[in-house]
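Asker: The file below is my_file.txt, compact mmCIF, C-alpha atoms:
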# COMPACT_ATOMS: atom_id res chain seq x y z
CA MET A 19 -21.07 37.92 -3.73
CA VAL A 20 -17.37 37.06 -3.84
CA SER A 21 -17.97 33.39 -3.05
CA SER A 22 -20.71 33.28 -5.70
CA ILE A 23 -18.32 34.69 -8.29
CA GLY A 24 -15.70 32.15 -7.24
CA ARG A 25 -18.14 29.28 -7.71
CA HIS A 26 -19.10 30.55 -11.17
CA ILE A 27 -15.42 30.74 -12.16
CA GLU A 28 -14.82 27.20 -10.91
CA VAL A 29 -17.86 25.87 -12.79
CA ASP A 30 -16.76 27.65 -15.96
CA ALA A 31 -13.27 26.15 -15.61
CA LEU A 32 -14.69 22.66 -15.16
CA SER A 33 -16.98 23.14 -18.15
CA ALA A 34 -14.07 24.31 -20.30
CA GLU A 35 -12.03 21.29 -19.22
CA ALA A 36 -14.93 18.96 -20.02
CA VAL A 37 -15.05 20.40 -23.55
CA LEU A 38 -11.28 19.88 -23.88
CA ILE A 39 -11.61 16.28 -22.75
CA GLU A 40 -14.41 15.60 -25.19
CA ARG A 41 -12.40 17.09 -28.05
CA ALA A 42 -9.27 15.18 -27.04
CA GLN A 43 -11.24 11.93 -26.85
CA ALA A 44 -12.19 12.58 -30.49
CA ARG A 45 -8.43 12.76 -31.21
CA ASP A 46 -8.27 16.54 -31.48
CA GLU A 47 -4.52 16.96 -31.00
CA ALA A 48 -4.79 20.69 -30.31
CA ALA A 49 -7.15 19.96 -27.42
CA PHE A 50 -4.83 17.34 -25.98
CA GLU A 51 -1.93 19.77 -26.27
CA GLN A 52 -3.92 22.25 -24.18
CA ILE A 53 -4.44 19.55 -21.55
CA MET A 54 -0.70 18.90 -21.53
CA ASN A 55 -0.01 22.60 -21.05
CA LEU A 56 -2.45 22.74 -18.15
CA TYR A 57 -0.90 19.86 -16.22
CA ALA A 58 2.70 19.50 -17.38
CA ASP A 59 4.33 21.68 -14.71
CA ARG A 60 2.36 20.24 -11.80
CA LEU A 61 2.95 16.67 -12.90
CA TYR A 62 6.64 17.24 -13.55
CA ASN A 63 7.18 18.77 -10.09
CA TYR A 64 5.39 15.82 -8.51
CA ILE A 65 7.32 13.22 -10.51
CA VAL A 66 10.73 14.77 -9.92
CA ARG A 67 10.13 14.76 -6.17
CA LEU A 68 9.23 11.09 -6.30
CA VAL A 69 12.09 9.87 -8.49
CA GLY A 70 14.69 12.51 -7.58
CA ASN A 71 16.18 12.85 -11.05
CA PRO A 72 15.18 15.59 -13.55
CA THR A 73 16.08 13.55 -16.62
CA ASP A 74 14.10 10.55 -15.43
CA ALA A 75 11.23 12.86 -14.50
CA GLU A 76 11.11 14.32 -18.01
CA ASP A 77 11.02 10.84 -19.52
CA LEU A 78 8.29 9.74 -17.12
CA LEU A 79 6.24 12.87 -17.83
CA GLN A 80 6.31 12.06 -21.53
CA GLU A 81 5.21 8.52 -20.72
CA VAL A 82 2.34 9.87 -18.59
CA PHE A 83 1.00 11.90 -21.48
CA LEU A 84 1.53 9.06 -23.93
CA ARG A 85 -0.52 6.72 -21.77
CA ALA A 86 -3.10 9.45 -21.17
CA TYR A 87 -3.47 9.99 -24.90
CA GLN A 88 -3.87 6.27 -25.48
CA GLY A 89 -6.31 5.82 -22.63
CA LEU A 90 -8.34 9.01 -22.96
CA PRO A 91 -11.05 7.43 -25.16
CA ASN A 92 -11.85 5.16 -22.18
CA PHE A 93 -11.80 7.98 -19.60
CA ASP A 94 -15.31 7.96 -18.12
CA GLY A 95 -15.13 11.07 -15.94
CA ARG A 96 -15.95 9.28 -12.68
CA ALA A 97 -12.72 10.75 -11.30
CA SER A 98 -11.46 14.19 -12.21
CA LEU A 99 -8.93 14.47 -15.00
CA SER A 100 -6.23 15.60 -12.55
CA THR A 101 -6.88 12.58 -10.32
CA TRP A 102 -6.65 10.28 -13.34
CA LEU A 103 -3.37 11.87 -14.48
CA TYR A 104 -1.86 11.67 -10.99
CA ARG A 105 -2.82 8.00 -10.86
CA ILE A 106 -0.98 7.33 -14.13
CA ALA A 107 2.05 9.29 -12.91
CA THR A 108 2.10 7.52 -9.54
CA ASN A 109 1.94 4.05 -11.08
CA LEU A 110 4.77 4.88 -13.48
CA CYS A 111 6.90 6.28 -10.65
CA ILE A 112 6.31 3.21 -8.51
CA ASP A 113 7.41 0.98 -11.38
CA HIS A 114 10.45 3.19 -11.88
CA GLN A 115 11.37 3.10 -8.19
CA ARG A 116 11.20 -0.65 -8.14
CA LYS A 117 13.86 -0.78 -10.83
CA ARG A 118 16.16 1.98 -9.67
CA ALA A 119 16.56 3.45 -6.20
CA ARG A 120 16.70 7.23 -6.46
CA ARG A 121 17.13 9.88 -3.83
CA VAL A 122 14.09 12.17 -3.60
CA GLN A 123 14.89 15.87 -3.30
CA THR A 124 12.28 18.11 -1.70
CA VAL A 125 12.20 20.95 0.76
CA SER A 126 8.60 20.66 1.79
CA TYR A 127 7.63 19.07 5.08
CA HIS A 128 4.89 19.16 7.67
CA ALA A 129 5.36 17.71 11.14
CA ALA A 130 3.33 14.97 12.76
CA GLU A 131 -0.24 15.54 13.88
CA ASP A 132 -0.93 17.50 17.04
CA GLU A 133 -2.76 16.21 20.09
CA ASP A 134 -6.13 16.75 18.41
CA GLY A 135 -5.14 14.57 15.48
CA GLU A 136 -4.89 17.47 13.05
CA PRO A 137 -1.84 18.17 10.88
CA SER A 138 0.36 20.82 12.46
CA GLU A 139 2.74 22.68 10.21
CA TRP A 140 6.45 22.66 10.83
CA GLU A 141 8.52 24.94 8.65
CA LEU A 142 12.21 24.78 7.92
CA PRO A 143 14.21 27.75 9.21
CA ASP A 144 14.66 30.61 6.74
CA THR A 145 17.81 29.94 4.74
CA GLN A 146 18.02 33.61 3.75
CA THR A 147 18.91 34.72 7.27
CA PRO A 148 21.90 37.07 7.39
CA ASP A 149 23.50 35.16 10.27
CA PRO A 150 26.04 32.73 8.70
CA LEU A 151 25.76 30.29 11.60
CA ASP A 152 21.97 30.22 11.46
CA ALA A 153 22.12 29.80 7.70
CA ALA A 154 24.49 26.84 8.02
CA LEU A 155 22.26 25.21 10.64
CA SER A 156 19.19 25.78 8.48
CA ARG A 157 20.83 24.13 5.49
CA GLU A 158 21.96 21.22 7.62
CA LEU A 159 18.47 20.72 9.05
CA GLN A 160 16.99 20.89 5.57
CA GLN A 161 19.38 18.16 4.47
CA VAL A 162 18.28 16.05 7.44
CA VAL A 163 14.64 16.40 6.38
CA GLU A 164 15.47 15.62 2.75
CA GLN A 165 17.40 12.54 3.81
CA ALA A 166 14.54 11.41 6.03
CA ILE A 167 12.04 11.80 3.17
CA SER A 168 14.31 9.86 0.82
CA MET A 169 14.43 7.02 3.35
CA LEU A 170 10.64 6.64 3.39
CA SER A 171 9.14 3.69 1.58
CA PRO A 172 7.57 4.57 -1.80
CA LYS A 173 4.07 4.14 -0.34
CA LEU A 174 4.70 6.59 2.50
CA ARG A 175 6.64 9.07 0.37
CA THR A 176 3.91 9.12 -2.30
CA VAL A 177 1.17 9.98 0.19
CA LEU A 178 3.34 12.63 1.84
CA LEU A 179 4.09 14.36 -1.45
CA LEU A 180 0.52 14.19 -2.72
CA TYR A 181 -0.80 15.74 0.49
CA ASP A 182 1.90 18.16 1.63
CA VAL A 183 3.36 19.18 -1.74
CA GLU A 184 0.56 18.72 -4.28
CA ASN A 185 -2.15 19.73 -1.76
CA LEU A 186 -4.51 16.92 -2.73
CA SER A 187 -7.25 16.10 -0.25
CA TYR A 188 -7.53 12.76 1.56
CA GLU A 189 -10.36 11.84 -0.80
CA GLU A 190 -8.38 12.71 -3.93
CA ILE A 191 -5.34 10.75 -2.74
CA ALA A 192 -7.57 7.77 -1.98
CA ARG A 193 -8.85 7.88 -5.56
CA VAL A 194 -5.37 8.31 -7.02
CA LEU A 195 -3.91 5.38 -5.11
CA LYS A 196 -7.13 3.33 -4.96
CA ILE A 197 -6.88 2.87 -1.20
CA PRO A 198 -9.27 3.73 1.68
CA ILE A 199 -9.16 7.21 3.18
CA GLY A 200 -8.18 5.65 6.50
CA THR A 201 -5.12 4.13 4.86
CA VAL A 202 -4.19 7.52 3.42
CA LYS A 203 -4.31 9.11 6.87
CA SER A 204 -2.41 6.23 8.42
CA ARG A 205 0.40 6.39 5.85
CA LEU A 206 0.61 10.17 6.17
CA ASN A 207 0.90 9.98 9.96
CA HIS A 208 3.47 7.20 9.69
CA ALA A 209 5.54 9.20 7.18
CA ARG A 210 5.48 12.32 9.32
CA GLY A 211 6.33 10.32 12.41
CA GLN A 212 9.39 8.76 10.77
CA ILE A 213 10.63 12.15 9.59
CA GLN A 214 10.07 13.68 13.01
CA LYS A 215 12.16 10.92 14.60
CA GLN A 216 15.09 11.77 12.34
CA VAL A 217 14.72 15.48 13.07
CA ASP A 218 14.59 14.79 16.81
CA LYS A 219 17.78 12.73 16.56
CA TYR A 220 19.50 15.62 14.78
CA LEU A 221 18.31 18.13 17.37
CA ARG A 222 19.63 15.87 20.16
CA GLY A 223 22.98 15.64 18.40
CA GLU A 224 22.65 11.94 17.65
CA SER A 225 23.89 10.33 14.44
CA ILE A 226 21.24 9.57 11.84
Could you quickly redo this structure as structure tokens?

Answerer:
Amino acid sequence: MVSSIGRHIEVDALSAEAVLIERAQARDEAAFEQIMNLYADRLYNYIVRLVGNPTDAEDLLQEVFLRAYQGLPNFDGRASLSTWLYRIATNLCIDHQRKRARRVQTVSYHAAEDEDGEPSEWELPDTQTPDPLDAALSRELQQVVEQAISMLSPKLRTVLLLYDVENLSYEEIARVLKIPIGTVKSRLNHARGQIQKQVDKYLRGESI
């Protein structure tokens, strides 16, 4: 019964979004504003993690919605609206990164895959611990992870953020980036492996 209710809610949400899209395609500005309200926070959080600068992220978010507004009449619905918006945002961020190197700030990270080839979570130590020494070590390790993420190539960092931060599936990421699912998995594993190497160096007391 619960799962049935959940499916009905999801279908209703998709139907409501489809109506919004249709209205926005007819240049109903109120409908497009509702779409912006639905996705602004998620897109901003994604963009700021990619470009590492809040001011730049705000500008890019505005550009995302400008391009979405201009391109919405040609939106055919073959991909979901969220996938389409993430694709616009990703392309803009890639263009931005090519022009200006920015340090990405994020605190989210998952370790490399386990022996079965499945993602295994690795969480940063709790920075709220009452032990000052533990707190200092936790902050230092977090900085190591942040630095390692910022050192990733844009291709690897984008896949990592879409999967581990935005919780998109392999299939959704493949549609956003227009690459095969196998490439998504490969880039994700490569990104996690590079970060794990930096963490291992830190834990061994080596310079990074």

Asker: What does the distance between atom CA of A:Thr108 and atom CA of A:Asn63 come to in Å, to one decimal place?

Answerer: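 Result for atom CA of A:Thr108 versus atom CA of A:Asn63: 12.4 Å, one decimal.
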
Asker: Calculate how many Å separate atom CA of A:Leu178 from atom CA of A:Ala209, rounding to one decimal.

Answerer: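 Between these atoms lies a distance of 6.7 Å.
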
Asker: Would you write out, as a Markdown table, a table of all residues in stretch 52-118 of chain A that have an atom no more than 12 Å from an atom of stretch 160-170 of chain A, listing for each the closest atom pair and the distance in Å to one decimal, considering only C-alpha atoms and ordering rows by chain and rising residue number?

Answerer:
| residue | atom | partner | partner_atom | distance |
| --- | --- | --- | --- | --- |
| A:Arg67 | CA | A:Ser168 | CA | 9.5 |
| A:Leu68 | CA | A:Ser168 | CA | 8.8 |
| A:Val69 | CA | A:Ser168 | CA | 9.6 |
| A:Gly70 | CA | A:Ser168 | CA | 8.8 |
| A:Gln115 | CA | A:Ser168 | CA | 11.6 |

Asker: Mind writing the picked residues with C-alpha atoms as a short mmCIF file (atom, residue, chain, number, x, y, z; two decimals), in the frame of the given file?

Answerer:
data_model
loop_
_atom_site.label_atom_id
_atom_site.label_comp_id
_atom_site.auth_asym_id
_atom_site.auth_seq_id
_atom_site.Cartn_x
_atom_site.Cartn_y
_atom_site.Cartn_z
CA ARG A 67 10.13 14.76 -6.17
CA LEU A 68 9.23 11.09 -6.30
CA VAL A 69 12.09 9.87 -8.49
CA GLY A 70 14.69 12.51 -7.58
CA GLN A 115 11.37 3.10 -8.19
#

Asker: Point out the residue among A:Glu224, A:Phe93, A:Ile53, A:Leu110 with the least atom-to-atom distance to A:Leu79, counting only C-alpha atoms.

Answerer: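 The closest residue to A:Leu79 is A:Leu110.
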
Asker: Find the smallest box with edges along x, y and z containing every listed atom of stretch 175-190 of chain A, then add 5 Å on each side and report centre and edge lengths in Å to one decimal, as JSON.

Answerer:
{"center_x": -1.9, "center_y": 14.4, "center_z": -1.2, "size_x": 27.0, "size_y": 20.7, "size_z": 16.1}

Asker: Which of these residues is nearest to A:Ala75, using all atoms listed in the file: A:Tyr181, A:Tyr104, A:Tyr188, A:Tyr62?

Answerer: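 Of all the options, A:Tyr62 lies closest to A:Ala75.
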
Asker: Return the single residue from A:Lys215, A:Arg175, A:Arg157, A:Arg105 that is closest to A:Ile197, with distances computed using all atoms listed in the file.

Answerer: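 Of A:Lys215, A:Arg175, A:Arg157, A:Arg105, the one nearest A:Ile197, counting all atoms listed in the file, is A:Arg105.
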
Asker: Using Å and a single decimal, report how far atom CA of A:Asp74 sits from atom CA of A:Gln88.

Answerer: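 Computed distance, atom CA of A:Gln88 to atom CA of A:Asp74, equals 21.0 Å.
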
Asker: Tell me which of A:Ala48, A:Leu78, A:Val194, A:Ala42 sits closest to A:Leu90, counting all atoms listed in the file.

Answerer: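 Closest to A:Leu90, using all atoms listed in the file: A:Ala42.
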